[in-house]
Structure formats: C-alpha cells, structure tokens
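Participant: Coordinates in coords-v9.cif, mmCIF, C-alpha atoms, are listed below.
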```cif
data_work
loop_
_atom_site.group_PDB
_atom_site.id
_atom_site.type_symbol
_atom_site.label_atom_id
_atom_site.label_comp_id
_atom_site.auth_asym_id
_atom_site.auth_seq_id
_atom_site.Cartn_x
_atom_site.Cartn_y
_atom_site.Cartn_z
ATOM 1 C CA MET A 14 -92.734 -54.105 54.147
ATOM 2 C CA ASN A 15 -90.146 -54.508 51.374
ATOM 3 C CA ASN A 16 -92.930 -54.824 48.791
ATOM 4 C CA PHE A 17 -94.577 -51.681 50.205
ATOM 5 C CA ILE A 18 -91.334 -49.669 49.928
ATOM 6 C CA LEU A 19 -90.723 -50.986 46.413
ATOM 7 C CA GLY A 20 -94.270 -50.048 45.380
ATOM 8 C CA LEU A 21 -93.873 -46.562 46.847
ATOM 9 C CA PHE A 22 -90.572 -46.104 45.004
ATOM 10 C CA LEU A 23 -92.152 -47.175 41.696
ATOM 11 C CA CYS A 24 -95.036 -44.722 42.204
ATOM 12 C CA LEU A 25 -92.612 -41.851 42.864
ATOM 13 C CA PHE A 26 -90.485 -42.859 39.880
ATOM 14 C CA THR A 27 -93.553 -42.928 37.604
ATOM 15 C CA LEU A 28 -94.808 -39.562 38.897
ATOM 16 C CA THR A 29 -91.380 -37.976 38.342
ATOM 17 C CA ASN A 30 -91.281 -39.261 34.770
ATOM 18 C CA MET A 31 -94.781 -37.899 34.139
ATOM 19 C CA LEU A 32 -93.775 -34.470 35.429
ATOM 20 C CA ASP A 33 -90.627 -34.514 33.292
ATOM 21 C CA ALA A 34 -92.691 -35.478 30.233
ATOM 22 C CA ASN A 35 -95.023 -32.522 30.807
ATOM 23 C CA ALA A 36 -92.185 -30.019 31.232
ATOM 24 C CA LYS A 37 -92.283 -27.247 28.654
ATOM 25 C CA VAL A 38 -89.302 -25.403 27.223
ATOM 26 C CA ASN A 39 -90.031 -21.700 26.748
ATOM 27 C CA SER A 40 -89.965 -20.568 23.138
ATOM 28 C CA GLN A 41 -88.008 -17.441 24.053
ATOM 29 C CA PRO A 42 -85.908 -16.278 27.018
ATOM 30 C CA LEU A 43 -87.827 -15.129 30.071
ATOM 31 C CA PRO A 44 -87.587 -11.430 30.902
ATOM 32 C CA HIS A 45 -85.151 -9.985 33.395
ATOM 33 C CA THR A 46 -87.065 -9.913 36.686
ATOM 34 C CA PHE A 47 -86.360 -7.572 39.597
ATOM 35 C CA TYR A 48 -88.165 -7.062 42.916
ATOM 36 C CA LEU A 49 -88.042 -3.409 43.883
ATOM 37 C CA ASN A 50 -88.892 -0.948 46.638
ATOM 38 C CA ILE A 51 -89.850 2.479 45.283
ATOM 39 C CA PRO A 52 -89.976 5.422 47.727
ATOM 40 C CA VAL A 53 -93.348 7.181 47.899
ATOM 41 C CA GLN A 54 -93.998 10.608 49.377
ATOM 42 C CA GLY A 55 -97.552 10.879 50.685
ATOM 43 C CA PRO A 56 -99.295 13.964 52.116
ATOM 44 C CA SER A 57 -97.928 13.359 55.620
ATOM 45 C CA SER A 58 -95.631 10.318 55.484
ATOM 46 C CA THR A 59 -93.359 8.236 53.272
ATOM 47 C CA TRP A 60 -93.323 4.529 52.524
ATOM 48 C CA GLN A 61 -91.752 1.961 50.224
ATOM 49 C CA LEU A 62 -93.861 0.635 47.347
ATOM 50 C CA SER A 63 -93.053 -2.987 46.502
ATOM 51 C CA ALA A 64 -93.083 -3.872 42.813
ATOM 52 C CA LYS A 65 -92.137 -6.601 40.359
ATOM 53 C CA TYR A 66 -90.265 -5.225 37.346
ATOM 54 C CA GLN A 67 -90.007 -7.390 34.239
ATOM 55 C CA LEU A 68 -87.829 -6.261 31.333
ATOM 56 C CA PRO A 69 -87.880 -8.266 28.073
ATOM 57 C CA ARG A 70 -84.443 -9.384 26.938
ATOM 58 C CA SER A 71 -83.203 -7.704 23.794
ATOM 59 C CA GLU A 72 -79.976 -7.108 21.906
ATOM 60 C CA SER A 73 -81.208 -3.623 21.056
ATOM 61 C CA SER A 74 -80.189 -0.670 23.227
ATOM 62 C CA LYS A 75 -83.284 1.285 22.182
ATOM 63 C CA PRO A 76 -85.444 2.350 25.167
ATOM 64 C CA ARG A 77 -88.547 0.211 25.559
ATOM 65 C CA PRO A 78 -92.143 1.073 26.388
ATOM 66 C CA ALA A 79 -93.505 -0.035 29.752
ATOM 67 C CA VAL A 80 -96.842 -0.641 31.468
ATOM 68 C CA ILE A 81 -97.632 -0.259 35.164
ATOM 69 C CA ILE A 82 -99.982 -3.019 36.389
ATOM 70 C CA VAL A 83 -102.313 -2.180 39.291
ATOM 71 C CA HIS A 84 -104.235 -4.861 41.177
ATOM 72 C CA SER A 85 -107.815 -4.959 42.436
ATOM 73 C CA THR A 86 -109.122 -4.749 46.013
ATOM 74 C CA SER A 87 -108.151 -8.383 46.574
ATOM 75 C CA GLY A 88 -104.475 -7.533 46.022
ATOM 76 C CA ILE A 89 -101.976 -9.172 43.715
ATOM 77 C CA ASP A 90 -103.358 -12.375 42.213
ATOM 78 C CA SER A 91 -103.146 -14.247 38.908
ATOM 79 C CA THR A 92 -104.520 -11.331 36.878
ATOM 80 C CA GLY A 93 -101.488 -9.084 36.698
ATOM 81 C CA GLN A 94 -99.069 -11.782 35.615
ATOM 82 C CA PHE A 95 -101.556 -12.986 32.984
ATOM 83 C CA TYR A 96 -101.119 -9.661 31.200
ATOM 84 C CA ALA A 97 -97.461 -9.120 32.143
ATOM 85 C CA LYS A 98 -96.470 -12.317 30.353
ATOM 86 C CA ALA A 99 -98.271 -11.262 27.158
ATOM 87 C CA LEU A 100 -96.901 -7.713 27.274
ATOM 88 C CA ASN A 101 -93.364 -8.965 27.896
ATOM 89 C CA LYS A 102 -93.662 -11.281 24.880
ATOM 90 C CA ALA A 103 -94.635 -8.208 22.871
ATOM 91 C CA GLY A 104 -91.413 -6.504 23.974
ATOM 92 C CA ILE A 105 -93.084 -4.255 26.559
ATOM 93 C CA ALA A 106 -91.671 -3.974 30.089
ATOM 94 C CA THR A 107 -94.040 -4.262 33.048
ATOM 95 C CA LEU A 108 -94.054 -3.011 36.617
ATOM 96 C CA GLU A 109 -96.655 -4.701 38.837
ATOM 97 C CA VAL A 110 -97.130 -2.736 42.046
ATOM 98 C CA ASP A 111 -98.370 -3.889 45.451
ATOM 99 C CA LEU A 112 -100.514 -1.148 46.992
ATOM 100 C CA TRP A 113 -101.329 -3.068 50.166
ATOM 101 C CA GLY A 114 -97.988 -4.372 51.439
ATOM 102 C CA ALA A 115 -96.536 -1.101 52.749
ATOM 103 C CA ARG A 116 -99.887 -0.297 54.355
ATOM 104 C CA ASN A 117 -100.054 -3.664 56.158
ATOM 105 C CA LEU A 118 -103.374 -4.409 54.483
ATOM 106 C CA MET A 119 -104.655 -7.809 53.387
ATOM 107 C CA GLY A 120 -107.157 -6.503 50.835
ATOM 108 C CA GLY A 121 -110.897 -6.993 50.541
ATOM 109 C CA SER A 122 -113.578 -4.386 51.147
ATOM 110 C CA ASP A 123 -112.885 -4.439 54.919
ATOM 111 C CA ASN A 124 -109.106 -4.131 54.631
ATOM 112 C CA ARG A 125 -108.283 -1.450 52.073
ATOM 113 C CA PRO A 126 -107.836 2.355 52.128
ATOM 114 C CA ASN A 127 -110.937 4.513 52.332
ATOM 115 C CA SER A 128 -110.625 5.682 48.730
ATOM 116 C CA PRO A 129 -108.571 4.957 45.591
ATOM 117 C CA GLN A 130 -107.309 8.554 45.697
ATOM 118 C CA GLU A 131 -105.211 7.626 48.752
ATOM 119 C CA THR A 132 -103.158 5.310 46.557
ATOM 120 C CA LEU A 133 -102.491 7.796 43.746
ATOM 121 C CA PRO A 134 -99.065 8.757 45.199
ATOM 122 C CA ASP A 135 -97.977 5.130 44.648
ATOM 123 C CA ILE A 136 -98.897 5.354 40.968
ATOM 124 C CA PHE A 137 -97.171 8.717 40.506
ATOM 125 C CA SER A 138 -93.998 7.371 42.134
ATOM 126 C CA ALA A 139 -94.062 4.253 39.952
ATOM 127 C CA LEU A 140 -94.443 6.418 36.847
ATOM 128 C CA HIS A 141 -91.532 8.654 37.844
ATOM 129 C CA TYR A 142 -89.396 5.623 38.700
ATOM 130 C CA LEU A 143 -89.863 4.086 35.257
ATOM 131 C CA ALA A 144 -89.367 7.418 33.479
ATOM 132 C CA GLN A 145 -85.927 7.727 35.080
ATOM 133 C CA ARG A 146 -84.709 4.308 33.982
ATOM 134 C CA PRO A 147 -82.439 4.589 30.901
ATOM 135 C CA GLU A 148 -83.825 1.417 29.284
ATOM 136 C CA ILE A 149 -87.402 2.766 29.384
ATOM 137 C CA ASP A 150 -88.920 5.291 26.988
ATOM 138 C CA ALA A 151 -90.348 7.943 29.329
ATOM 139 C CA ASN A 152 -92.806 9.051 26.635
ATOM 140 C CA ASN A 153 -94.266 5.560 26.288
ATOM 141 C CA ILE A 154 -95.365 4.432 29.729
ATOM 142 C CA GLY A 155 -98.898 3.070 30.079
ATOM 143 C CA ILE A 156 -101.067 1.819 32.918
ATOM 144 C CA ILE A 157 -103.511 -1.082 33.220
ATOM 145 C CA GLY A 158 -105.653 -1.549 36.306
ATOM 146 C CA PHE A 159 -108.318 -3.954 37.516
ATOM 147 C CA SER A 160 -111.329 -2.787 39.574
ATOM 148 C CA TRP A 161 -109.587 -0.604 42.223
ATOM 149 C CA GLY A 162 -106.626 -0.380 39.861
ATOM 150 C CA GLY A 163 -109.011 0.375 37.019
ATOM 151 C CA VAL A 164 -110.287 3.382 38.959
ATOM 152 C CA LEU A 165 -106.689 4.615 39.266
ATOM 153 C CA SER A 166 -106.175 4.127 35.538
ATOM 154 C CA MET A 167 -109.264 6.254 34.879
ATOM 155 C CA LEU A 168 -108.310 9.029 37.328
ATOM 156 C CA THR A 169 -104.766 9.293 35.984
ATOM 157 C CA ALA A 170 -106.214 9.925 32.517
ATOM 158 C CA THR A 171 -107.457 13.320 33.766
ATOM 159 C CA GLU A 172 -105.511 16.556 34.072
ATOM 160 C CA GLN A 173 -107.199 17.156 37.429
ATOM 161 C CA TYR A 174 -105.198 14.384 39.050
ATOM 162 C CA MET A 175 -102.075 14.338 36.897
ATOM 163 C CA ALA A 176 -101.525 18.017 37.694
ATOM 164 C CA LEU A 177 -100.861 16.884 41.286
ATOM 165 C CA THR A 178 -97.539 15.405 40.170
ATOM 166 C CA GLY A 179 -96.170 18.892 39.553
ATOM 167 C CA THR A 180 -94.446 17.655 36.395
ATOM 168 C CA PRO A 181 -95.389 17.447 32.701
ATOM 169 C CA LEU A 182 -95.033 13.654 32.822
ATOM 170 C CA ARG A 183 -98.186 11.854 31.637
ATOM 171 C CA PHE A 184 -99.171 8.280 30.815
ATOM 172 C CA ALA A 185 -99.136 7.436 27.129
ATOM 173 C CA ALA A 186 -102.097 5.012 27.327
ATOM 174 C CA HIS A 187 -104.619 3.727 29.860
ATOM 175 C CA VAL A 188 -106.487 0.427 30.183
ATOM 176 C CA ALA A 189 -109.226 0.095 32.812
ATOM 177 C CA HIS A 190 -110.849 -3.286 33.406
ATOM 178 C CA TYR A 191 -114.228 -3.298 35.202
ATOM 179 C CA PRO A 192 -113.480 0.140 36.760
ATOM 180 C CA VAL A 193 -116.916 0.655 38.446
ATOM 181 C CA CYS A 194 -118.288 2.939 35.741
ATOM 182 C CA TRP A 195 -121.197 4.376 37.749
ATOM 183 C CA LEU A 196 -118.774 6.389 39.892
ATOM 184 C CA TYR A 197 -117.500 8.775 37.244
ATOM 185 C CA ASN A 198 -119.063 12.218 36.908
ATOM 186 C CA ASN A 199 -121.546 11.046 39.531
ATOM 187 C CA VAL A 200 -119.590 10.987 42.804
ATOM 188 C CA PRO A 201 -117.439 13.976 43.864
ATOM 189 C CA GLY A 202 -113.754 13.218 43.421
ATOM 190 C CA PHE A 203 -114.377 10.900 40.473
ATOM 191 C CA GLU A 204 -114.640 13.518 37.731
ATOM 192 C CA PHE A 205 -113.739 12.013 34.380
ATOM 193 C CA THR A 206 -113.323 15.150 32.277
ATOM 194 C CA ASN A 207 -110.495 17.274 30.884
ATOM 195 C CA LEU A 208 -108.599 14.191 29.768
ATOM 196 C CA THR A 209 -104.869 14.270 29.116
ATOM 197 C CA GLY A 210 -105.275 13.206 25.489
ATOM 198 C CA ALA A 211 -103.831 9.717 25.911
ATOM 199 C CA PRO A 212 -105.925 6.855 24.495
ATOM 200 C CA ILE A 213 -108.093 4.988 26.996
ATOM 201 C CA LEU A 214 -109.499 1.463 26.691
ATOM 202 C CA ILE A 215 -112.287 0.418 29.071
ATOM 203 C CA GLN A 216 -113.266 -3.264 29.179
ATOM 204 C CA SER A 217 -116.142 -4.474 31.330
ATOM 205 C CA GLY A 218 -118.797 -7.182 31.490
ATOM 206 C CA ASN A 219 -122.576 -7.175 31.163
ATOM 207 C CA LEU A 220 -122.886 -9.277 34.331
ATOM 208 C CA ASP A 221 -120.675 -7.075 36.511
ATOM 209 C CA ALA A 222 -122.554 -6.534 39.783
ATOM 210 C CA TYR A 223 -120.942 -3.139 40.409
ATOM 211 C CA ASP A 224 -122.722 -1.697 37.387
ATOM 212 C CA THR A 225 -125.567 -2.493 35.028
ATOM 213 C CA PRO A 226 -125.048 -3.408 31.359
ATOM 214 C CA GLU A 227 -125.808 0.221 30.436
ATOM 215 C CA THR A 228 -123.536 1.999 32.927
ATOM 216 C CA CYS A 229 -120.236 1.984 31.032
ATOM 217 C CA PRO A 230 -121.835 2.777 27.634
ATOM 218 C CA MET A 231 -123.713 5.677 29.260
ATOM 219 C CA LEU A 232 -120.507 7.019 30.787
ATOM 220 C CA VAL A 233 -118.806 7.101 27.388
ATOM 221 C CA SER A 234 -121.829 8.458 25.489
ATOM 222 C CA ASN A 235 -122.226 11.310 28.000
ATOM 223 C CA LEU A 236 -118.649 12.514 27.641
ATOM 224 C CA ALA A 237 -117.976 15.786 25.896
ATOM 225 C CA THR A 238 -116.819 15.304 22.311
ATOM 226 C CA THR A 239 -113.392 16.673 23.214
ATOM 227 C CA ASP A 240 -112.960 13.829 25.737
ATOM 228 C CA ALA A 241 -114.950 11.035 24.053
ATOM 229 C CA GLN A 242 -112.526 10.933 21.110
ATOM 230 C CA PHE A 243 -109.891 9.368 23.369
ATOM 231 C CA VAL A 244 -112.062 6.607 24.868
ATOM 232 C CA SER A 245 -112.799 3.122 23.517
ATOM 233 C CA LEU A 246 -115.141 0.651 25.221
ATOM 234 C CA ASN A 247 -115.499 -3.120 24.979
ATOM 235 C CA MET A 248 -118.434 -4.756 26.765
ATOM 236 C CA PHE A 249 -118.209 -8.534 27.057
ATOM 237 C CA LYS A 250 -121.430 -10.539 27.191
ATOM 238 C CA ARG A 251 -121.737 -13.144 29.949
ATOM 239 C CA ALA A 252 -118.706 -11.650 31.719
ATOM 240 C CA TYR A 253 -118.767 -11.188 35.488
ATOM 241 C CA HIS A 254 -116.513 -8.903 37.483
ATOM 242 C CA ALA A 255 -112.871 -10.067 37.281
ATOM 243 C CA TRP A 256 -113.398 -12.415 34.318
ATOM 244 C CA ASP A 257 -109.601 -12.469 33.839
ATOM 245 C CA ARG A 258 -108.849 -13.526 37.416
ATOM 246 C CA LEU A 259 -108.184 -17.138 36.465
ATOM 247 C CA GLU A 260 -108.860 -18.610 39.877
ATOM 248 C CA PRO A 261 -111.922 -20.254 41.483
ATOM 249 C CA LYS A 262 -115.166 -18.296 41.691
ATOM 250 C CA TRP A 263 -115.379 -16.006 44.697
ATOM 251 C CA LEU A 264 -118.431 -14.309 46.203
ATOM 252 C CA VAL A 265 -117.514 -11.052 47.951
ATOM 253 C CA THR A 266 -119.429 -8.171 49.532
ATOM 254 C CA ASP A 267 -118.638 -4.566 48.665
ATOM 255 C CA PRO A 268 -120.458 -1.326 49.603
ATOM 256 C CA TYR A 269 -119.569 0.131 46.177
ATOM 257 C CA SER A 270 -121.419 -2.625 44.283
ATOM 258 C CA HIS A 271 -124.892 -2.458 42.733
ATOM 259 C CA LEU A 272 -124.559 1.221 41.797
ATOM 260 C CA GLY A 273 -123.436 2.112 45.303
ATOM 261 C CA GLN A 274 -126.223 0.277 47.103
ATOM 262 C CA GLY A 275 -123.814 -2.423 48.228
ATOM 263 C CA GLY A 276 -124.180 -6.177 48.225
ATOM 264 C CA GLU A 277 -122.646 -9.365 46.920
ATOM 265 C CA VAL A 278 -120.392 -9.529 43.867
ATOM 266 C CA LEU A 279 -119.472 -12.700 42.016
ATOM 267 C CA LEU A 280 -115.905 -12.862 40.741
ATOM 268 C CA ALA A 281 -115.983 -15.528 38.039
ATOM 269 C CA PRO A 282 -113.263 -16.451 35.524
ATOM 270 C CA ASN A 283 -113.954 -16.866 31.820
ATOM 271 C CA LYS A 284 -110.960 -18.193 29.892
ATOM 272 C CA ARG A 285 -112.351 -17.344 26.462
ATOM 273 C CA ILE A 286 -113.069 -13.738 27.367
ATOM 274 C CA ALA A 287 -109.752 -13.473 29.226
ATOM 275 C CA ARG A 288 -107.864 -14.508 26.087
ATOM 276 C CA LYS A 289 -109.824 -11.980 24.031
ATOM 277 C CA SER A 290 -109.227 -9.173 26.503
ATOM 278 C CA LYS A 291 -105.516 -10.035 26.675
ATOM 279 C CA HIS A 292 -105.284 -9.807 22.885
ATOM 280 C CA ASN A 293 -107.072 -6.443 22.988
ATOM 281 C CA VAL A 294 -104.686 -5.130 25.638
ATOM 282 C CA VAL A 295 -101.524 -6.091 23.760
ATOM 283 C CA GLU A 296 -102.874 -4.646 20.513
ATOM 284 C CA PHE A 297 -103.969 -1.443 22.246
ATOM 285 C CA PHE A 298 -100.654 -0.743 23.955
ATOM 286 C CA SER A 299 -98.617 -1.768 20.897
ATOM 287 C CA ALA A 300 -100.586 0.699 18.770
ATOM 288 C CA ALA A 301 -100.388 3.454 21.378
ATOM 289 C CA PHE A 302 -96.632 2.991 21.693
ATOM 290 C CA ASN A 303 -96.177 2.408 17.945
ATOM 291 C CA HIS A 304 -94.371 -0.746 19.026
ATOM 292 C CA ASN A 305 -94.149 -3.731 16.688
ATOM 293 C CA ASP A 306 -92.363 -6.538 18.589
ATOM 294 C CA VAL A 307 -95.630 -8.414 19.115
ATOM 295 C CA ASP A 308 -95.230 -12.160 19.751
ATOM 296 C CA GLU A 309 -98.429 -13.330 21.445
ATOM 297 C CA ASP A 310 -99.418 -16.951 22.084
#
```
Rewrite the structure from the file as structure tokens, please.
Facilitator:
Amino acid sequence: MNNFILGLFLCLFTLTNMLDANAKVNSQPLPHTFYLNIPVQGPSSTWQLSAKYQLPRSESSKPRPAVIIVHSTSGIDSTGQFYAKALNKAGIATLEVDLWGARNLMGGSDNRPNSPQETLPDIFSALHYLAQRPEIDANNIGIIGFSWGGVLSMLTATEQYMALTGTPLRFAAHVAHYPVCWLYNNVPGFEFTNLTGAPILIQSGNLDAYDTPETCPMLVSNLATTDAQFVSLNMFKRAYHAWDRLEPKWLVTDPYSHLGQGGEVLLAPNKRIARKSKHNVVEFFSAAFNHNDVDED
C-alpha cells in the first residue's frame, strides 16, 4: 500500500511539473473583462441581454473602437472568443452578446426564435449601450456575426432595419460569416438593398450546405452599383459551414439549409482557414476604424 501511495504521489508530482512547464506568460496584459446585463425593449416586453465586454488596457484616454460579436444558432461557443482575442490585441473593444439566455433557449434549429428579426432589438440595444460608454468611440462601432449572427450583421447594414432604431446611430462596419446568402433579396423580410454606406465583409465557404458555391457571389454581383461598392466577399475553398468553430465536427439538421429545402449541415473546423479569416477580420475593422494598434499573433 505504501508503495502504491508513493507511486501515486510521484505521478501527481510529475504531472504538476509538466503543467507548470507548459504554462505560458501572456505577452501583454489581458483586457478588462466585464459581464453585463443590458436592458432590451421589445415590441411587447422587456428583457436583460447578457454580454461579455472586453476592453483592451491602455494608458491613452482616447475613445476606442468596438465590435459587437453575435453567435450562431448553436449559441455562444469557441468562435466569438477566437475573434475577440485578436480584436482586443489590435486595441479594439468587444461585446459578445448572448441572444438565447434571456429567452430560456438552448439553441439549435429546434430551440431558437422563429426568425432572426426577432433578435434585432438585442443588437440595437447593444449598439446603443456601447455608444453611451465614454471610453468607446460611438462613430466606430462594428458588428461581426456567424450564421444567425451573420444574418443580423447583414440586416443591420440596411437602412430598412436601422431606421427602426429611431436614431441616426449606425454601425461603422459589418462582417458576416456564412450568413446564408440565398435568403437575401429572395425571401420577404431579407431585403439587402439601400445599404447604410458602411463597409461590409462577407466570408463563406464553397462547401457550406446552406448555399451553393455560387450563391454568395451571385448575391454580390446582383446588387445595384450603389450598394455593391460597399460589399467585399471572400469565398474559402474546402471550407464547410462554421470553419472557425474550433471544436469537433458536428452534423446538424436545419430547415434553412440546402437553399431552403432543409437537411443536414456539417459544421467542420479548419484551422488554416480560421487563421486566415481572423487576419482578414482584424485588417478589415482596423481599416474601417482607421485604427492602427494592430498586434496580431
């Protein structure tokens, strides 16, 4: 028994030393991190939107740009923080919102609101919240969304929906990742016209089962010249839906997939493409904000 206890102790001691040896000291201070509840006024009720606010540390008192991060149908996962970390390193604050918590939803195609439009009040409230913070530049607030969140990023780039805020406040830049391109200008309520004039970056994959490889390029090519000038598109080869969700592959079923015919969708990570898309996102927002504190890995 004594030999067994001694052996167990040595194993634990060795494991602890290995963990200590692999510990990494951050090259710069981590951002200030706050967990918030933001009041939201809906058409017939109010609720509290949960959010994670990360503010890069700085000796400067100059207001900073910020980006609202909006999750996919599955809810908050690894994706949002993957971009938040890179944006924070570039000196850009982030606010990652949880659309499902206040609604007591678990996410997935069977446990989400009936339409993305129902969650627009959350995005408007998050925008107004950031615009009122003294450390944030109200003229330089962007939005990045993934799938469901990507749809919200697209809709908030239009005057049709931003006019609902009743204020002149607009996003300064939009990023939409795999935002189900076949919807726009095809399904009522998803009009993508009369854009606000803010730059828009769409990134999607050729193997995305919601669309076909031609869907997103066709959307952009069919835009009026007055709107197309604001839109950039990156299509990644061999990229499935949610390539930047750096978690195990996941096969889901969604009635919006396969051009609205419904069916199975493979969510599959791709680290190489995720790194490329992250670089694109930081460059895009930094240029849109005219912000130069970029310090990417």
Participant: Return the single residue from A:Thr86, A:Ser166, A:Asn101, A:Gln54 that is closest to His141 of chain A, with distances computed using all atoms listed in the file.
Facilitator: A:Gln54
Participant: Excluding Thr132 of chain A and residues on its chain fewer than 3 positions from it, collect all residues at most 10 Å away from it, counting all atoms listed in the file, and give them as a PyMOL selection string.
Facilitator: chain A and resi 55+112-113+126-129+135-137+161-162+165
Participant: When the PyMOL selection byres ((chain A and resi 215-217) around 8) is applied to the structure above, which residues does it catch, written out as a list in words?
Facilitator: Val188, Ala189, His190, Tyr191, Pro192, Ile213, Leu214, Gly218, Asn219, Asp221, Cys229, Val244, Ser245, Leu246, Asn247, Met248, Phe249, Ala252, His254 and Ser290 of chain A
Participant: Have a look at A:Ser122, A:Leu133, A:Leu62, A:Lys289 and name the one nearest to Glu277 of chain A; count only C-alpha atoms.
Facilitator: A:Ser122
Participant: Of the candidates A:Leu118, A:Ala103, A:Ala36, A:Leu264, which shows the shortest atom-to-atom distance to Gly88 of chain A, using only C-alpha atoms?
Facilitator: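 Among the listed residues, A:Leu118 lies closest to Gly88 of chain A.
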Participant: Report, in Å with one decimal, the straight-line distance from atom CA of Leu196 of chain A to atom CA of Ser85 of chain A.
Facilitator: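 Pair atom CA of Leu196 of chain A / atom CA of Ser85 of chain A returns 16.0 Å.
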Participant: Under the rule that all atoms listed in the file are counted, which of A:Gln41, A:Asn283, A:Gln242, A:Ser87 is the nearest residue to Pro69 of chain A?
Facilitator: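 Among the listed residues, the smallest separation from Pro69 of chain A belongs to A:Gln41.
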Participant: For Tyr197 of chain A, please output as a list in words all residues within 9 Å (counting only C-alpha atoms; exclusion window: fewer than 6 positions along the same chain).
Facilitator: Met167, Phe203, Glu204, Phe205 and Leu232 of chain A
Participant: Quick one: of A:Pro230, A:Ala115, A:Ser73, A:Phe243, who's nearest to Thr209 of chain A, counting all atoms listed in the file?
Facilitator: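 Among the listed residues, the smallest separation from Thr209 of chain A belongs to A:Phe243.
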Participant: Between A:Gly120, A:Leu140, A:Ala106, A:Gln94, which has the minimum distance to Val53 of chain A (counting only C-alpha atoms)?
Facilitator: A:Leu140
Participant: Can you list what the PyMOL selection byres ((chain A and resi 182) around 10) grabs from this structure, as a list in words?
Facilitator: Phe137, Leu140, His141, Ala144, Ala151, Asn152, Ile154, Met175, Ala176, Thr178, Gly179, Thr180, Pro181, Arg183, Phe184 and Ala185 of chain A
Participant: Do you know which residues are at most 7 Å from segment 237-240 of chain A counting all atoms listed in the file, after dropping those on the same chain fewer than 6 positions away, and could you put them as a list of chain:residue names?
Facilitator: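 Near segment 237-240 of chain A, the qualifying residues are A:Thr206, A:Asn207, A:Leu208.
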Participant: Could you pull the residues within 6 Å of Arg258 of chain A, counting all atoms listed in the file, minus those fewer than 5 positions along the same chain, as a PDB file with C-alpha atoms, in the coordinates of the input?
Facilitator:
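Writing done, so here's out_18.pdb:
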```
ATOM      1  CA  SER A  91    -103.146 -14.247  38.908  1.00  0.00           C
ATOM      2  CA  THR A  92    -104.520 -11.331  36.878  1.00  0.00           C
ATOM      3  CA  PRO A 282    -113.263 -16.451  35.524  1.00  0.00           C
TER       4      PRO A 282
END
```
Participant: Would you mind listing what lies within 6 Å of Leu108 of chain A as an MDAnalysis selection string, with all atoms listed in the file counted and same-chain residues fewer than 6 positions away left out?
Facilitator: chainID A and resid 65:66 81:82
Participant: Atom CA of Ala300 of chain A and atom CA of Asp90 of chain A are how many Å apart?
Facilitator: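 Here the two named atoms are 27.0 Å from each other.
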Participant: What does the distance between atom CA of Gly121 of chain A and atom CA of Ala97 of chain A come to in Å, to one decimal place?
Facilitator: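 Between atom CA of Gly121 of chain A and atom CA of Ala97 of chain A the gap is 22.9 Å.
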Participant: Would you kindly translate the PyMOL selection byres ((chain A and resi 110) around 6) into the concrete residues it picks from this file, as a list in words?
Facilitator: Ala64, Val83, Glu109 and Asp111 of chain A
